[in-house]
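Colleague: Quick one: the structure is below, and I'll ask about it shortly.
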Amino acid sequence: MQRGQLIQASGSIYIRFYRGGKRVAEKLCQVDDLRYGVKSKAVKRLAAEFMLAEAKRQDAPRPAETLVADFWAKEFLPYCERKLKPSSIHGYKKLWKGVLEGHFAGRTLQGYKTHHGSEFLTSLAPRFSRTSLGHMRRGVSRHFKTCKTS
């Protein structure tokens with residue numbers, strides 16, 4: 001189990017650790033009389049409790065992998081219908097039915113990597129104009145950005 005690194009800055013104490021392979025920092029507490037610095041017992045105890053909770057959270061069973069098509073139907077399209085103009089929604093539906101649905105069939109969000117998208121767009125280059133390819137790239141990019149925030 002990782003212990004984390006304590007950092008004091010701007011009147012607060014932060015803990016820096018790795019989550020999912022990326023280094024992150026989260027605020028642990030404000031500096032006060034009891035928690036006066038990173039070497040105080042209260043801060044060390046708080047950090048140990050935080051890291052224990054983080055370890056339990058990381059060990060929790062992960063949800064099953066989500067298919068891109070399922071995410072499209074259950075999350076992305078309703079999001080678009082709430083946030084975007086009807087013309088944009090129409091464009092996304094047309095793009096999905098015409099090009100993307102076949103490409104994403106059977107693929108999961110977790111398994112889809114940047115090089116898959118690059119290869120896909122390269123394969124479409126002879127059939128579509130530069131502008132159309134740009135629209136596709138931005139549409140798929142928005143889809144995956146929505147996936148991260150939901």
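Labels for the structure tokens follow display order: chains A, B, ..., residues from 1 in each chain, ligands from 1.
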Set the distance at 12 Å and use only C-alpha atoms: which residues neighbour A:Ile7 once local chain neighbours fewer than 3 positions away are removed? I'd like the list as a compact mmCIF listing (two decimals) with N, CA and C atoms, in the first residue's frame.

Modeller:
# COMPACT_ATOMS: atom_id res chain seq x y z
N GLY A 4 1.83 7.88 0.29
CA GLY A 4 1.58 9.24 -0.15
C GLY A 4 2.64 10.20 0.37
N SER A 10 0.27 27.13 0.74
CA SER A 10 -0.85 28.08 0.81
C SER A 10 -1.78 27.84 2.00
N GLY A 11 -1.21 27.54 3.14
CA GLY A 11 -2.01 27.35 4.34
C GLY A 11 -2.79 26.05 4.39
N SER A 12 -2.47 25.12 3.52
CA SER A 12 -3.14 23.82 3.49
C SER A 12 -2.10 22.72 3.40
N ILE A 13 -2.53 21.51 3.73
CA ILE A 13 -1.67 20.35 3.60
C ILE A 13 -2.32 19.43 2.58
N TYR A 14 -1.53 19.01 1.60
CA TYR A 14 -1.99 18.16 0.52
C TYR A 14 -1.28 16.82 0.61
N ILE A 15 -1.93 15.79 0.05
CA ILE A 15 -1.29 14.49 -0.04
C ILE A 15 -1.20 14.14 -1.52
N ARG A 16 -0.01 13.72 -1.93
CA ARG A 16 0.23 13.37 -3.32
C ARG A 16 0.45 11.87 -3.40
N PHE A 17 -0.24 11.22 -4.35
CA PHE A 17 -0.17 9.77 -4.48
C PHE A 17 -0.56 9.39 -5.90
N ALA A 25 -2.87 14.96 -6.51
CA ALA A 25 -2.74 15.59 -5.20
C ALA A 25 -4.13 16.02 -4.74
N GLU A 26 -4.43 15.73 -3.49
CA GLU A 26 -5.71 16.14 -2.93
C GLU A 26 -5.47 16.86 -1.62
N LYS A 27 -6.34 17.83 -1.36
CA LYS A 27 -6.22 18.59 -0.13
C LYS A 27 -6.60 17.69 1.04
N LEU A 28 -5.74 17.68 2.05
CA LEU A 28 -5.98 16.84 3.22
C LEU A 28 -6.62 17.65 4.34
N CYS A 29 -6.07 18.85 4.63
CA CYS A 29 -6.61 19.69 5.70
C CYS A 29 -6.02 21.09 5.62
N GLN A 30 -6.59 22.00 6.41
CA GLN A 30 -6.05 23.34 6.59
C GLN A 30 -5.00 23.29 7.70
N VAL A 31 -4.04 24.16 7.63
CA VAL A 31 -3.05 24.27 8.71
C VAL A 31 -3.70 25.00 9.88
N GLY A 37 1.82 21.27 10.61
CA GLY A 37 2.75 20.99 9.52
C GLY A 37 2.69 19.52 9.13
N VAL A 38 3.48 19.17 8.13
CA VAL A 38 3.46 17.81 7.60
C VAL A 38 4.05 16.79 8.57
N LYS A 39 4.79 17.25 9.58
CA LYS A 39 5.39 16.32 10.55
C LYS A 39 4.56 16.13 11.81
N VAL A 43 -1.59 15.16 11.42
CA VAL A 43 -1.56 15.14 9.96
C VAL A 43 -1.15 13.75 9.47
N LYS A 44 -0.17 13.14 10.12
CA LYS A 44 0.27 11.80 9.72
C LYS A 44 -0.87 10.79 9.90
N ALA A 47 -3.40 11.39 7.16
CA ALA A 47 -2.89 10.88 5.89
C ALA A 47 -3.01 9.36 5.82

Colleague: Can you list every residue of stretch 6-82 of chain A that has an atom at most 6 Å from stretch 93-111 of chain A, with its nearest atom pair and the distance in Å to one decimal, using only C-alpha atoms, ordered by chain then number, as JSON lines?

Modeller:
{"residue": "A:Thr66", "atom": "CA", "partner": "A:Thr108", "partner_atom": "CA", "distance": 5.4}
{"residue": "A:Leu67", "atom": "CA", "partner": "A:Thr108", "partner_atom": "CA", "distance": 4.1}
{"residue": "A:Val68", "atom": "CA", "partner": "A:Thr108", "partner_atom": "CA", "distance": 5.3}

Colleague: Name all residues at most 9 Å from A:Cys147 (count only C-alpha atoms; drop same-chain ones fewer than 4 positions away) and give them as a CSV table (one decimal) with C-alpha atoms, in the first residue's frame.

Modeller:
chain,number,residue,atom,x,y,z
A,71,PHE,CA,-22.7,4.6,-24.0
A,75,GLU,CA,-25.5,8.6,-22.0
A,76,PHE,CA,-24.2,10.7,-24.9
A,109,LEU,CA,-14.9,2.4,-24.0
A,142,ARG,CA,-16.8,15.1,-27.8
A,143,HIS,CA,-18.2,11.7,-27.3

Colleague: With only C-alpha atoms as the atoms that count, which of A:Glu81, A:Gly91, A:Lys74, A:Thr146 lies nearest to A:Ser132?

Modeller: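 For A:Ser132, the nearest of the given residues is A:Gly91.
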
Colleague: Excluding same-chain residues fewer than 6 positions from A:Ser141, what lies within 12 Å of it counting only C-alpha atoms, as a PDB file with N, CA and C atoms, in the first residue's frame?

Modeller:
ATOM      1  N   PHE A  76     -24.630   9.560 -24.081  1.00  0.00           N
ATOM      2  CA  PHE A  76     -24.233  10.659 -24.948  1.00  0.00           C
ATOM      3  C   PHE A  76     -25.415  11.322 -25.645  1.00  0.00           C
ATOM      4  N   TYR A  92     -25.105  14.715 -35.193  1.00  0.00           N
ATOM      5  CA  TYR A  92     -24.505  13.601 -34.457  1.00  0.00           C
ATOM      6  C   TYR A  92     -25.195  12.284 -34.781  1.00  0.00           C
ATOM      7  N   LYS A 113      -8.435   2.933 -27.937  1.00  0.00           N
ATOM      8  CA  LYS A 113      -7.247   3.770 -27.751  1.00  0.00           C
ATOM      9  C   LYS A 113      -7.121   4.784 -28.891  1.00  0.00           C
ATOM     10  N   THR A 114      -6.265   5.750 -28.676  1.00  0.00           N
ATOM     11  CA  THR A 114      -6.065   6.830 -29.644  1.00  0.00           C
ATOM     12  C   THR A 114      -5.669   6.289 -31.015  1.00  0.00           C
ATOM     13  N   GLY A 117      -8.580   5.264 -33.252  1.00  0.00           N
ATOM     14  CA  GLY A 117      -9.242   6.389 -33.902  1.00  0.00           C
ATOM     15  C   GLY A 117      -8.441   6.940 -35.062  1.00  0.00           C
ATOM     16  N   SER A 118      -7.137   7.025 -34.879  1.00  0.00           N
ATOM     17  CA  SER A 118      -6.268   7.526 -35.945  1.00  0.00           C
ATOM     18  C   SER A 118      -6.312   6.613 -37.171  1.00  0.00           C
ATOM     19  N   GLY A 134     -12.735  16.199 -40.297  1.00  0.00           N
ATOM     20  CA  GLY A 134     -12.614  17.051 -39.117  1.00  0.00           C
ATOM     21  C   GLY A 134     -13.882  17.019 -38.273  1.00  0.00           C
ATOM     22  N   HIS A 135     -15.042  17.037 -38.943  1.00  0.00           N
ATOM     23  CA  HIS A 135     -16.312  16.937 -38.220  1.00  0.00           C
ATOM     24  C   HIS A 135     -16.404  15.607 -37.476  1.00  0.00           C
ATOM     25  N   CYS A 147     -17.770  10.994 -22.011  1.00  0.00           N
ATOM     26  CA  CYS A 147     -17.577   9.725 -21.301  1.00  0.00           C
ATOM     27  C   CYS A 147     -16.747   9.925 -20.043  1.00  0.00           C
ATOM     28  N   LYS A 148     -15.736  10.761 -20.087  1.00  0.00           N
ATOM     29  CA  LYS A 148     -14.880  10.991 -18.929  1.00  0.00           C
ATOM     30  C   LYS A 148     -15.581  11.768 -17.833  1.00  0.00           C
TER      31      LYS A 148
END

Colleague: Could you check how far atom CA of A:Gly139 sits from atom CA of A:Ser88, in Å to one decimal?

Modeller: 10.0 Å

Colleague: Residues of chain A classed as helix (DSSP H, G or I) by DSSP on the backbone are to be reported as a PyMOL selection string.

Modeller: chain A and resi 41-59+68-83+86-104+114-124+130-149
